$ cat final-v1.txt   # compact mmCIF, C-alpha atoms and all ligand atoms
# COMPACT_ATOMS: atom_id res chain seq x y z
CA MET A 1 22.86 -10.79 1.64
CA LYS A 2 25.76 -10.42 -0.72
CA THR A 3 27.56 -7.52 -2.18
CA PHE A 4 27.23 -6.40 -5.77
CA ILE A 5 30.91 -7.05 -6.31
CA SER A 6 30.67 -10.70 -5.38
CA ILE A 7 27.62 -11.21 -7.62
CA SER A 8 29.30 -9.83 -10.71
CA PHE A 9 32.49 -11.75 -9.97
CA ILE A 10 30.65 -15.03 -9.56
CA VAL A 11 28.52 -14.68 -12.67
CA PHE A 12 31.62 -13.84 -14.68
CA SER A 13 33.61 -16.77 -13.28
CA TRP A 14 30.76 -19.18 -13.72
CA SER A 15 30.26 -18.41 -17.39
CA LEU A 16 34.01 -18.45 -17.97
CA PHE A 17 34.23 -21.81 -16.26
CA ALA A 18 31.25 -23.54 -17.81
CA GLN A 19 33.08 -25.74 -20.35
CA ASN A 20 36.16 -26.51 -18.30
CA TYR A 21 35.39 -28.99 -15.52
CA SER A 22 38.07 -31.40 -16.69
CA ASP A 23 40.73 -28.65 -16.74
CA TYR A 24 40.42 -28.32 -12.98
CA PHE A 25 38.94 -31.52 -11.55
CA THR A 26 39.09 -35.32 -11.86
CA ASN A 27 36.05 -37.64 -11.73
CA GLU A 28 36.68 -38.29 -8.03
CA ARG A 29 35.69 -36.24 -5.00
CA LEU A 30 37.61 -34.72 -2.14
CA ARG A 31 35.91 -35.29 1.21
CA ILE A 32 36.93 -32.74 3.80
CA ASP A 33 36.34 -33.77 7.43
CA TYR A 34 36.35 -30.85 9.83
CA TYR A 35 34.98 -29.65 13.16
CA LEU A 36 32.92 -26.65 14.18
CA THR A 37 33.67 -25.61 17.76
CA GLY A 38 32.19 -22.67 19.56
CA ASN A 39 29.39 -21.15 21.58
CA ALA A 40 26.45 -18.84 20.84
CA ASN A 41 28.69 -16.04 19.58
CA LYS A 42 31.89 -17.56 18.28
CA THR A 43 32.86 -20.38 15.90
CA ILE A 44 36.20 -21.95 15.06
CA LEU A 45 36.52 -24.30 12.08
CA THR A 46 39.33 -26.87 12.19
CA ILE A 47 40.23 -29.31 9.42
CA SER A 48 40.84 -32.90 10.48
CA LYS A 49 41.15 -35.29 7.51
CA LEU A 50 41.08 -35.27 3.71
CA PHE A 51 39.93 -38.27 1.67
CA LYS A 52 40.06 -39.10 -2.03
CA GLU A 53 36.78 -40.93 -2.73
CA PRO A 54 35.60 -42.62 -5.92
CA ILE A 55 32.84 -40.58 -7.48
CA TRP A 56 31.99 -36.90 -7.88
CA ALA A 57 28.20 -37.15 -8.30
CA GLY A 58 27.37 -33.45 -8.58
CA SER A 59 26.92 -31.47 -11.76
CA LYS A 60 29.98 -30.91 -13.94
CA LYS A 61 28.25 -27.98 -15.64
CA ASN A 62 26.78 -25.87 -12.83
CA LEU A 63 29.60 -25.84 -10.31
CA VAL A 64 29.05 -22.45 -8.72
CA ASP A 65 25.87 -22.20 -6.68
CA THR A 66 23.96 -19.04 -7.54
CA PHE A 67 21.07 -19.42 -5.06
CA TYR A 68 23.05 -18.34 -1.97
CA TYR A 69 20.91 -20.57 0.26
CA GLY A 70 22.28 -21.80 3.56
CA HIS A 71 24.07 -20.51 6.65
CA TYR A 72 27.46 -21.61 5.30
CA ARG A 73 29.12 -21.55 1.92
CA ILE A 74 32.23 -23.30 0.65
CA GLU A 75 34.12 -21.66 -2.21
CA VAL A 76 36.97 -23.24 -4.17
CA TYR A 77 39.43 -21.10 -6.11
CA ASP A 78 42.55 -21.77 -8.13
CA SER A 79 45.69 -21.25 -6.04
CA ALA A 80 46.12 -17.65 -7.23
CA GLN A 81 42.46 -16.99 -6.33
CA LYS A 82 41.74 -15.65 -9.81
CA SER A 83 38.78 -17.91 -10.67
CA LEU A 84 35.99 -19.26 -8.56
CA LEU A 85 35.83 -22.93 -9.58
CA PHE A 86 33.16 -24.32 -7.26
CA ALA A 87 30.72 -23.03 -4.62
CA SER A 88 27.99 -24.63 -2.57
CA GLY A 89 25.75 -23.61 0.34
CA PHE A 90 24.70 -25.71 3.33
CA CYS A 91 23.54 -25.69 6.95
CA THR A 92 24.54 -27.71 10.01
CA LEU A 93 23.16 -29.05 13.28
CA TYR A 94 25.86 -26.98 15.01
CA GLN A 95 24.29 -23.67 13.95
CA GLU A 96 20.94 -24.83 15.39
CA TRP A 97 22.68 -25.75 18.64
CA GLN A 98 24.09 -22.21 18.74
CA GLN A 99 20.48 -20.99 19.25
CA THR A 100 19.97 -23.08 22.40
CA PRO A 101 20.34 -21.80 25.99
CA GLU A 102 23.23 -24.24 26.46
CA ALA A 103 25.31 -22.39 23.85
CA LYS A 104 25.16 -19.23 25.95
CA LYS A 105 26.95 -21.06 28.76
CA THR A 106 29.33 -23.53 27.18
CA PHE A 107 31.42 -24.54 24.15
CA ARG A 108 30.75 -27.67 22.10
CA THR A 109 32.24 -29.39 19.04
CA PHE A 110 30.29 -30.93 16.13
CA SER A 111 31.79 -33.18 13.46
CA GLN A 112 31.27 -32.19 9.82
CA PHE A 113 32.29 -33.12 6.32
CA VAL A 114 31.74 -31.70 2.87
CA ASN A 115 32.42 -33.14 -0.61
CA ILE A 116 33.91 -31.15 -3.48
CA PRO A 117 35.25 -32.30 -6.87
CA PHE A 118 38.83 -33.65 -6.58
CA PRO A 119 41.27 -31.01 -7.87
CA LYS A 120 43.99 -31.54 -10.49
CA ASN A 121 46.11 -28.66 -9.16
CA THR A 122 46.48 -26.79 -5.88
CA ILE A 123 43.24 -25.09 -4.83
CA LYS A 124 42.30 -22.56 -2.20
CA ILE A 125 39.25 -23.47 -0.12
CA ILE A 126 37.30 -20.83 1.79
CA PHE A 127 34.55 -21.57 4.31
CA LEU A 128 32.10 -18.69 4.81
CA GLU A 129 29.50 -18.21 7.55
CA ARG A 130 26.58 -15.78 7.77
CA ASN A 131 26.51 -13.26 10.59
CA ASN A 132 23.22 -12.28 12.26
CA MET A 133 22.64 -9.61 9.60
CA GLY A 134 22.66 -12.33 6.92
CA THR A 135 26.02 -11.37 5.39
CA PHE A 136 28.74 -13.93 4.67
CA HIS A 137 32.19 -13.58 6.24
CA GLU A 138 35.22 -15.86 6.06
CA LEU A 139 35.49 -18.52 8.74
CA GLN A 140 38.58 -20.37 7.55
CA SER A 141 40.68 -20.82 4.43
CA PHE A 142 43.40 -23.26 3.44
CA TYR A 143 45.15 -24.78 0.39
CA VAL A 144 44.97 -28.36 -0.84
CA ASN A 145 47.58 -29.78 -3.16
CA PRO A 146 46.18 -32.96 -4.77
CA SER A 147 49.57 -34.69 -4.46
CA GLN A 148 50.05 -33.97 -0.75
CA PRO A 149 50.67 -37.34 0.94
CA ASP A 150 48.20 -36.95 3.81
CA ILE A 151 45.13 -37.25 1.55
CA ILE A 152 43.72 -40.63 2.59
CA LYS A 153 43.22 -43.06 -0.29
CA GLU A 154 42.18 -46.21 1.53
CA LYS A 155 39.81 -48.70 -0.09
CA PRO A 156 36.21 -47.59 0.39
CA ASN A 157 33.94 -49.77 2.51
CA ASN A 158 31.85 -52.57 1.05
CA ILE A 159 28.39 -51.92 2.50
CA PRO A 160 25.95 -53.40 -0.07
CA ILE A 161 23.84 -50.98 -2.09
CA VAL A 162 20.73 -51.32 -4.27
CA GLU A 163 20.32 -48.92 -7.19
CA TYR A 164 16.55 -48.67 -6.98
CA ILE A 165 16.05 -45.85 -9.51
CA LYS A 166 18.74 -45.32 -12.15
CA ASN A 167 17.75 -42.76 -14.75
CA GLY A 168 21.21 -41.80 -15.95
CA ASP A 169 24.70 -40.49 -15.29
CA TYR A 170 25.49 -39.36 -11.72
CA ASN A 171 26.67 -35.96 -12.92
CA GLU A 172 23.42 -35.28 -14.77
CA LYS A 173 20.98 -36.51 -12.09
CA ILE A 174 20.26 -35.77 -8.46
CA ASP A 175 21.50 -38.82 -6.59
CA ILE A 176 19.64 -39.61 -3.37
CA ALA A 177 21.23 -42.15 -1.02
CA ILE A 178 18.95 -43.66 1.63
CA ILE A 179 20.88 -45.10 4.58
CA ALA A 180 19.50 -47.95 6.73
CA GLU A 181 19.57 -46.91 10.40
CA GLY A 182 18.44 -49.11 13.28
CA TYR A 183 17.85 -52.10 10.98
CA THR A 184 19.74 -55.27 11.96
CA ALA A 185 21.39 -57.43 9.27
CA GLU A 186 18.30 -59.70 9.40
CA GLN A 187 15.97 -56.74 8.76
CA MET A 188 17.36 -55.59 5.40
CA ASP A 189 14.28 -56.82 3.51
CA LYS A 190 12.18 -54.57 5.74
CA PHE A 191 14.57 -51.68 5.05
CA ILE A 192 14.26 -52.14 1.29
CA ALA A 193 10.45 -52.34 1.55
CA ASP A 194 10.30 -49.19 3.76
CA ALA A 195 12.71 -47.24 1.52
CA LYS A 196 10.76 -48.22 -1.62
CA ARG A 197 7.44 -47.22 -0.09
CA LEU A 198 8.68 -43.77 0.99
CA THR A 199 10.54 -43.15 -2.28
CA GLU A 200 7.37 -43.92 -4.22
CA VAL A 201 5.34 -41.51 -2.05
CA LEU A 202 7.88 -38.70 -2.64
CA PHE A 203 7.57 -39.18 -6.39
CA THR A 204 3.77 -38.82 -6.28
CA LYS A 205 4.24 -35.20 -5.11
CA GLU A 206 4.86 -32.24 -7.40
CA PRO A 207 7.31 -31.24 -8.67
CA PHE A 208 9.00 -34.61 -7.99
CA ASN A 209 6.25 -36.50 -9.84
CA GLN A 210 6.74 -34.70 -13.15
CA MET A 211 10.55 -34.59 -12.73
CA LYS A 212 11.22 -38.14 -11.57
CA SER A 213 13.54 -38.74 -14.53
CA TYR A 214 15.98 -36.17 -13.05
CA PHE A 215 16.74 -38.48 -10.08
CA ASN A 216 18.67 -41.62 -9.17
CA VAL A 217 17.91 -43.31 -5.84
CA THR A 218 20.25 -45.75 -4.08
CA PHE A 219 19.53 -47.75 -0.92
CA VAL A 220 22.50 -48.36 1.41
CA LYS A 221 22.12 -51.53 3.48
CA SER A 222 24.14 -50.42 6.50
CA PRO A 223 23.43 -52.94 9.28
CA SER A 224 22.99 -51.99 12.93
CA LEU A 225 23.78 -54.22 15.91
CA GLU A 226 20.44 -53.29 17.47
CA GLU A 227 17.01 -52.27 16.20
CA GLY A 228 15.58 -48.75 16.65
CA THR A 229 17.33 -45.60 17.86
CA ASP A 230 18.35 -43.74 21.03
CA LYS A 231 15.71 -42.07 23.23
CA PRO A 232 17.84 -40.30 25.84
CA HIS A 233 14.83 -38.83 27.70
CA LEU A 234 13.60 -42.41 28.29
CA ASN A 235 17.10 -43.79 28.95
CA ILE A 236 16.84 -46.04 25.87
CA TRP A 237 20.16 -46.48 24.01
CA LYS A 238 20.71 -48.55 20.88
CA LYS A 239 23.93 -49.40 19.03
CA THR A 240 23.15 -48.35 15.46
CA ALA A 241 24.98 -47.56 12.21
CA ALA A 242 24.44 -43.78 12.18
CA GLU A 243 23.98 -43.27 15.95
CA THR A 244 20.77 -41.25 15.53
CA ARG A 245 18.91 -40.04 18.60
CA PHE A 246 15.67 -38.38 19.55
CA TYR A 247 15.45 -35.54 22.09
CA THR A 248 17.87 -33.30 20.22
CA PHE A 249 18.17 -29.98 22.06
CA SER A 250 15.61 -31.35 24.59
CA MET A 251 12.85 -31.73 21.97
CA ASP A 252 11.27 -35.21 22.10
CA ARG A 253 10.50 -35.37 18.39
CA TYR A 254 13.74 -33.92 17.06
CA LEU A 255 15.78 -36.81 15.64
CA SER A 256 19.37 -36.13 14.61
CA VAL A 257 22.87 -37.42 13.89
CA TYR A 258 25.40 -35.71 16.15
CA ASP A 259 28.47 -37.31 14.55
CA TYR A 260 27.97 -36.29 10.92
CA GLN A 261 31.30 -37.82 9.80
CA LEU A 262 29.82 -41.28 10.48
CA LEU A 263 27.53 -40.70 7.48
CA GLY A 264 30.52 -39.79 5.30
CA ASN A 265 32.18 -43.08 6.28
CA ILE A 266 29.04 -45.11 5.52
CA LEU A 267 28.74 -43.49 2.08
CA ASN A 268 32.42 -43.38 1.06
CA HIS A 269 31.79 -45.78 -1.87
CA VAL A 270 28.43 -44.30 -2.96
CA ALA A 271 27.67 -41.65 -5.61
CA TYR A 272 25.30 -39.21 -3.87
CA ASP A 273 24.19 -35.59 -3.71
CA GLN A 274 21.54 -35.91 -0.99
CA LEU A 275 21.63 -38.28 1.95
CA VAL A 276 18.56 -39.55 3.78
CA VAL A 277 18.79 -41.52 7.02
CA LEU A 278 15.80 -43.83 7.38
CA VAL A 279 15.30 -44.81 11.02
CA ASN A 280 13.57 -48.07 11.89
CA THR A 281 11.08 -46.85 14.48
CA LYS A 282 7.37 -46.32 15.09
CA THR A 283 7.99 -43.09 17.01
CA TYR A 284 7.08 -39.74 15.44
CA GLY A 285 9.97 -37.43 14.63
CA GLY A 286 12.60 -36.43 12.12
CA GLY A 287 15.00 -33.73 11.03
CA GLY A 288 16.10 -32.03 7.82
CA ILE A 289 18.99 -29.61 7.28
CA TYR A 290 19.84 -27.98 3.96
CA ASN A 291 22.50 -29.88 1.98
CA PHE A 292 23.31 -31.82 5.15
CA TYR A 293 20.79 -34.62 5.70
CA SER A 294 17.16 -35.70 5.95
CA ILE A 295 16.21 -38.00 8.80
CA ALA A 296 12.91 -39.84 8.49
CA VAL A 297 11.14 -42.65 10.36
CA SER A 298 9.81 -45.89 8.94
CA ASP A 299 6.67 -46.92 10.78
CA ASN A 300 4.91 -43.92 12.24
CA VAL A 301 1.43 -43.04 10.97
CA PHE A 302 2.94 -39.74 9.73
CA ALA A 303 6.05 -41.34 8.17
CA ASP A 304 5.11 -40.17 4.65
CA TYR A 305 4.70 -36.58 5.79
CA VAL A 306 8.01 -36.60 7.69
CA PHE A 307 9.96 -38.09 4.76
CA ILE A 308 8.68 -35.45 2.30
CA HIS A 309 8.83 -32.51 4.72
CA GLU A 310 12.42 -33.21 5.77
CA PHE A 311 13.50 -33.67 2.17
CA GLY A 312 11.96 -30.24 1.51
CA HIS A 313 14.43 -28.79 4.03
CA ALA A 314 17.44 -30.82 2.94
CA PHE A 315 17.10 -30.57 -0.83
CA GLY A 316 14.73 -27.65 -1.43
CA ALA A 317 16.32 -25.26 1.10
CA LEU A 318 12.79 -24.66 2.39
CA GLY A 319 12.06 -23.12 5.77
CA ASP A 320 9.36 -24.27 8.17
CA GLU A 321 6.07 -22.52 7.43
CA TYR A 322 4.64 -23.22 10.89
CA GLN A 323 4.64 -21.21 14.07
CA ASP A 324 5.74 -23.06 17.16
CA ALA A 325 4.57 -23.23 20.75
CA ASP A 326 8.12 -24.23 21.78
CA ASP A 327 10.34 -21.39 22.85
CA ALA A 328 13.39 -23.29 21.68
CA ASN A 329 13.33 -21.82 18.18
CA GLU A 330 11.82 -18.44 18.98
CA ASN A 331 14.86 -16.41 17.98
CA PHE A 332 15.85 -18.51 15.00
CA TYR A 333 15.15 -15.64 12.59
CA ASN A 334 16.19 -12.00 12.91
CA LEU A 335 13.07 -10.05 11.89
CA SER A 336 15.16 -7.15 10.55
CA VAL A 337 16.81 -9.42 7.94
CA GLU A 338 15.24 -11.18 4.95
CA PRO A 339 15.73 -14.93 5.55
CA TRP A 340 17.52 -16.83 2.78
CA GLU A 341 14.88 -19.57 2.56
CA PRO A 342 12.79 -19.10 -0.61
CA ASN A 343 9.39 -19.85 1.02
CA ILE A 344 9.33 -17.48 4.00
CA THR A 345 9.72 -13.71 4.26
CA THR A 346 10.07 -10.99 6.87
CA LEU A 347 8.97 -8.49 4.14
CA VAL A 348 12.37 -6.78 4.50
CA ASN A 349 13.13 -7.64 0.88
CA PHE A 350 10.00 -9.32 -0.49
CA ASP A 351 10.89 -8.36 -4.07
CA LYS A 352 13.39 -11.21 -4.18
CA LYS A 353 10.81 -13.73 -2.93
CA TRP A 354 7.45 -14.79 -4.50
CA LYS A 355 6.04 -11.31 -5.09
CA LYS A 356 5.78 -11.87 -8.84
CA MET A 357 3.57 -14.93 -8.22
CA LEU A 358 0.90 -12.88 -6.39
CA ASP A 359 -2.26 -11.59 -8.07
CA LYS A 360 -2.06 -7.80 -8.35
CA LYS A 361 -5.09 -7.38 -6.07
CA THR A 362 -3.86 -9.62 -3.25
CA PRO A 363 -3.13 -7.52 -0.16
CA ILE A 364 0.26 -7.78 1.61
CA PRO A 365 0.01 -9.13 4.30
CA THR A 366 -2.89 -11.33 3.19
CA PRO A 367 -5.93 -12.22 5.35
CA ILE A 368 -6.86 -15.90 5.28
CA LYS A 369 -10.59 -15.27 4.72
CA GLY A 370 -11.29 -15.06 1.02
CA TYR A 371 -7.74 -16.13 0.07
CA GLU A 372 -7.79 -19.75 1.29
CA ASN A 373 -6.70 -21.17 -2.07
CA LYS A 374 -4.57 -18.25 -3.29
CA ILE A 375 -0.88 -17.50 -3.14
CA GLY A 376 -0.50 -14.75 -0.54
CA VAL A 377 1.64 -13.44 2.29
CA PHE A 378 0.14 -15.07 5.38
CA GLU A 379 1.46 -14.18 8.83
CA GLY A 380 2.85 -17.04 10.93
CA ALA A 381 5.91 -19.03 9.84
CA GLY A 382 9.52 -19.69 10.86
CA TYR A 383 8.37 -20.72 14.39
CA LYS A 384 6.83 -17.29 15.00
CA THR A 385 3.23 -16.09 15.02
CA LYS A 386 4.20 -12.51 14.15
CA GLY A 387 6.64 -10.92 11.72
CA ILE A 388 7.33 -13.89 9.41
CA TYR A 389 5.08 -14.76 6.50
CA ARG A 390 4.39 -17.82 4.33
CA PRO A 391 3.00 -18.15 0.78
CA SER A 392 -0.01 -20.44 1.36
CA VAL A 393 -2.56 -21.17 4.03
CA SER A 394 -1.46 -24.82 3.93
CA CYS A 395 1.71 -26.55 2.70
CA ILE A 396 3.61 -29.69 3.67
CA MET A 397 6.24 -27.36 5.14
CA ARG A 398 3.52 -26.24 7.59
CA ASP A 399 0.95 -28.89 8.43
CA PHE A 400 -0.64 -32.28 7.72
CA GLN A 401 -3.75 -30.97 5.94
CA LYS A 402 -2.56 -31.58 2.38
CA LEU A 403 0.49 -33.70 1.69
CA GLU A 404 1.54 -31.26 -1.04
CA PHE A 405 4.12 -28.51 -1.47
CA CYS A 406 2.54 -25.09 -2.02
CA PRO A 407 3.14 -23.43 -5.44
CA VAL A 408 6.02 -21.29 -4.14
CA CYS A 409 7.81 -24.30 -2.63
CA GLN A 410 7.24 -26.21 -5.89
CA VAL A 411 8.92 -23.49 -7.93
CA ALA A 412 11.89 -23.36 -5.55
CA ILE A 413 12.35 -27.14 -5.71
CA LYS A 414 12.05 -27.13 -9.48
CA GLN A 415 14.76 -24.46 -9.80
CA ASN A 416 17.02 -26.56 -7.58
CA ILE A 417 16.40 -29.69 -9.67
CA LEU A 418 17.21 -27.88 -12.90
CA PHE A 419 20.37 -26.23 -11.57
CA HIS A 420 21.84 -29.38 -10.01
CA THR A 421 21.22 -31.44 -13.13
CA GLY A 422 23.11 -28.96 -15.32
CA HIS A 423 20.20 -27.05 -16.89
ZN ZN A 501 5.28 -24.03 0.95

$ encode --input "final-v1.txt" --output "structure tokens"
Amino acid sequence: MKTFISISFIVFSWSLFAQNYSDYFTNERLRIDYYLTGNANKTILTISKLFKEPIWAGSKKNLVDTFYYGHYRIEVYDSAQKSLLFASGFCTLYQEWQQTPEAKKTFRTFSQFVNIPFPKNTIKIIFLERNNMGTFHELQSFYVNPSQPDIIKEKPNNIPIVEYIKNGDYNEKIDIAIIAEGYTAEQMDKFIADAKRLTEVLFTKEPFNQMKSYFNVTFVKSPSLEEGTDKPHLNIWKKTAAETRFYTFSMDRYLSVYDYQLLGNILNHVAYDQLVVLVNTKTYGGGGIYNFYSIAVSDNVFADYVFIHEFGHAFGALGDEYQDADDANENFYNLSVEPWEPNITTLVNFDKKWKKMLDKKTPIPTPIKGYENKIGVFEGAGYKTKGIYRPSVSCIMRDFQKLEFCPVCQVAIKQNILFHTGH
């Protein structure tokens, strides 16, 4: 998915850069608000606003992402473009919309933001997008001079927060912010109880259980005027902090935030790497997008499963290991390209996936009978019954049978935890 030249360049820059965060960046962050506009075939990225916000919470050691997960990538260079200073991958709701029938007929705009460390000198920022062959190409580039007057430096908001788990410095931990959504001001005790319960469940699962000390968790008590969330298919509309809604892309259970910049505004005073929107509802549903957000529900019988599964997408860069009866996602993966998610494969380039974790005698693809508890290559994943394979018969990225990540997902999550905490 990337050329040899870019690999060698990045490894070189990263090692060169390792000791020098403070040469290039302050302790603050630059929040870049932008829009993605387009249709099924074409995307335009436009910058709208720049903000100087209080805290850069990411690693100060591992600044250049080496996983290459995600549909998009942001790269930050010095103004002469000699050194790569920062890089991070992510996905968006917009790219999922591009797969819908509507995107074949019309253009739409989705609001976005991304945080990077605040620069000391002029930087060049490049946004990259994958094409349908899995290769990155440039979408937009621009310069930011830290002293340019249009960088907004207003006081951050004062939404109360609770630091529920504080294991150490923001730069050396993964900071999860859980946002109250659809909880009225009078329901904040319920929000705290719900957020605690789900946080505790996440940290009973491996590898989170054994690596709990690598995390901080903050609860953000953002009040909503009304309780619950929108259900457009039932003509139910609620005025809430993050404006979540069910029935995304005509799927009842798909819960999302269309206006992503709202979340940036809610969190502009919070140190965070991962944001989770916790929706006060009994209805089943959720959503999780890599380095974008997790959306979970509070009171459904499957709330635990949803919270963990969506965090697997958002933090672990994990793909769905299930096949789907819906046609909506049928063409999500190009079977002639190896997907970037670490836990699914089209067998186009299985060497870079979990091949080394297989027993030598395990056949590829792997039949279920006789291999129920083994790591294998089982057909049926990525919303398709044929042509995409998963590592285990059961995993929380697939079904409700065991509320556990399979061994391949656990390894991927563990690598992410180590990288983002500077190891
Ligand atoms: Zn798995």

$ closest_residue --input "final-v1.txt" --among "A:Asp273, A:Tyr21, A:Glu206, A:Asn235" --to "ligand ZN 501 (chain A)" --atoms "only C-alpha atoms and all ligand atoms"
A:Glu206

$ residues_around --input "final-v1.txt" --residues "Glu227 in chain A" --least-positions-apart "2" --cutoff "9 Å" --atoms "only C-alpha atoms" --output "PyMOL selection string"
chain A and resi 181-184+187+224-225+229+238-240+280-281

$ atom_distance --input "final-v1.txt" --atom1 "CA of Ser294 in chain A" --atom2 "CA of Ile179 in chain A"
10.2 Å

$ closest_residue --input "final-v1.txt" --among "A:Pro391, A:Pro232, A:Gly70, A:Pro223" --to "Asn131 in chain A" --atoms "all atoms listed in the file"
A:Gly70

$ residues_near_ligand --input "final-v1.txt" --ligand "ligand ZN 501 (chain A)" --cutoff "7 Å" --atoms "only C-alpha atoms and all ligand atoms" --output "JSON, numbers by chain"
{"A": [321, 343, 391, 392, 395, 396, 397, 405, 406, 407, 408, 409]}

$ write_last_selection --input "final-v1.txt" --atoms "C-alpha atoms" --output "compact mmCIF listing (two decimals), in the frame of the given file"
# COMPACT_ATOMS: atom_id res chain seq x y z
CA GLU A 321 6.07 -22.52 7.43
CA ASN A 343 9.39 -19.85 1.02
CA PRO A 391 3.00 -18.15 0.78
CA SER A 392 -0.01 -20.44 1.36
CA CYS A 395 1.71 -26.55 2.70
CA ILE A 396 3.61 -29.69 3.67
CA MET A 397 6.24 -27.36 5.14
CA PHE A 405 4.12 -28.51 -1.47
CA CYS A 406 2.54 -25.09 -2.02
CA PRO A 407 3.14 -23.43 -5.44
CA VAL A 408 6.02 -21.29 -4.14
CA CYS A 409 7.81 -24.30 -2.63

$ closest_residue --input "final-v1.txt" --among "A:His71, A:Lys166, A:Lys231, A:Lys386" --to "Gln323 in chain A" --atoms "all atoms listed in the file"
A:Lys386

$ residues_near_point --input "final-v1.txt" --point "(8.5, -10.7, 15.6)" --cutoff "12 Å" --atoms "all atoms listed in the file" --output "PDB file with C-alpha atoms, in the frame of the given file"
ATOM      1  CA  GLN A 323       4.640 -21.210  14.070  1.00  0.00           C
ATOM      2  CA  GLU A 330      11.820 -18.440  18.980  1.00  0.00           C
ATOM      3  CA  ASN A 331      14.860 -16.410  17.980  1.00  0.00           C
ATOM      4  CA  PHE A 332      15.850 -18.510  15.000  1.00  0.00           C
ATOM      5  CA  TYR A 333      15.150 -15.640  12.590  1.00  0.00           C
ATOM      6  CA  ASN A 334      16.190 -12.000  12.910  1.00  0.00           C
ATOM      7  CA  LEU A 335      13.070 -10.050  11.890  1.00  0.00           C
ATOM      8  CA  SER A 336      15.160  -7.150  10.550  1.00  0.00           C
ATOM      9  CA  VAL A 337      16.810  -9.420   7.940  1.00  0.00           C
ATOM     10  CA  THR A 345       9.720 -13.710   4.260  1.00  0.00           C
ATOM     11  CA  THR A 346      10.070 -10.990   6.870  1.00  0.00           C
ATOM     12  CA  LEU A 347       8.970  -8.490   4.140  1.00  0.00           C
ATOM     13  CA  GLU A 379       1.460 -14.180   8.830  1.00  0.00           C
ATOM     14  CA  GLY A 380       2.850 -17.040  10.930  1.00  0.00           C
ATOM     15  CA  ALA A 381       5.910 -19.030   9.840  1.00  0.00           C
ATOM     16  CA  GLY A 382       9.520 -19.690  10.860  1.00  0.00           C
ATOM     17  CA  TYR A 383       8.370 -20.720  14.390  1.00  0.00           C
ATOM     18  CA  LYS A 384       6.830 -17.290  15.000  1.00  0.00           C
ATOM     19  CA  THR A 385       3.230 -16.090  15.020  1.00  0.00           C
ATOM     20  CA  LYS A 386       4.200 -12.510  14.150  1.00  0.00           C
ATOM     21  CA  GLY A 387       6.640 -10.920  11.720  1.00  0.00           C
ATOM     22  CA  ILE A 388       7.330 -13.890   9.410  1.00  0.00           C
ATOM     23  CA  TYR A 389       5.080 -14.760   6.500  1.00  0.00           C
TER      24      TYR A 389
END

$ closest_atom_pairs --input "final-v1.txt" --of "range 144-240 of chain A" --to "range 100-119 of chain A" --cutoff "9 Å" --atoms "only C-alpha atoms" --output "Markdown table"
| residue | atom | partner | partner_atom | distance |
| --- | --- | --- | --- | --- |
| A:Val144 | CA | A:Pro119 | CA | 8.4 |
| A:Asn145 | CA | A:Pro119 | CA | 8.0 |
| A:Pro146 | CA | A:Pro119 | CA | 6.1 |

$ residues_around --input "final-v1.txt" --residues "range 299-302 of chain A" --least-positions-apart "3" --cutoff "10 Å" --atoms "all atoms listed in the file" --output "ChimeraX atom specification"
/A:194,279-285,296,305-307,400

$ residues_around --input "final-v1.txt" --residues "Leu418 in chain A" --least-positions-apart "5" --cutoff "10 Å" --atoms "all atoms listed in the file" --output "list in words"
Asn62, Glu172, Lys173, Ile174, Met211, Tyr214, Ile413 and His423 of chain A

$ closest_residue --input "final-v1.txt" --among "A:Arg130, A:Lys196, A:Arg398, A:Lys60" --to "Asn171 in chain A" --atoms "only C-alpha atoms"
A:Lys60

$ residues_around --input "final-v1.txt" --residues "Ile55 in chain A" --least-positions-apart "5" --cutoff "7 Å" --atoms "only C-alpha atoms" --output "compact mmCIF listing (two decimals) with C-alpha atoms, in the coordinates of the input"
# COMPACT_ATOMS: atom_id res chain seq x y z
CA ASN A 27 36.05 -37.64 -11.73
CA GLU A 28 36.68 -38.29 -8.03
CA ARG A 29 35.69 -36.24 -5.00
CA ALA A 271 27.67 -41.65 -5.61

$ atom_distance --input "final-v1.txt" --atom1 "CA of Glu243 in chain A" --atom2 "CA of His269 in chain A"
19.6 Å

$ closest_residue --input "final-v1.txt" --among "A:Tyr143, A:Tyr77, A:Tyr24, A:Tyr290" --to "Ala317 in chain A" --atoms "all atoms listed in the file"
A:Tyr290
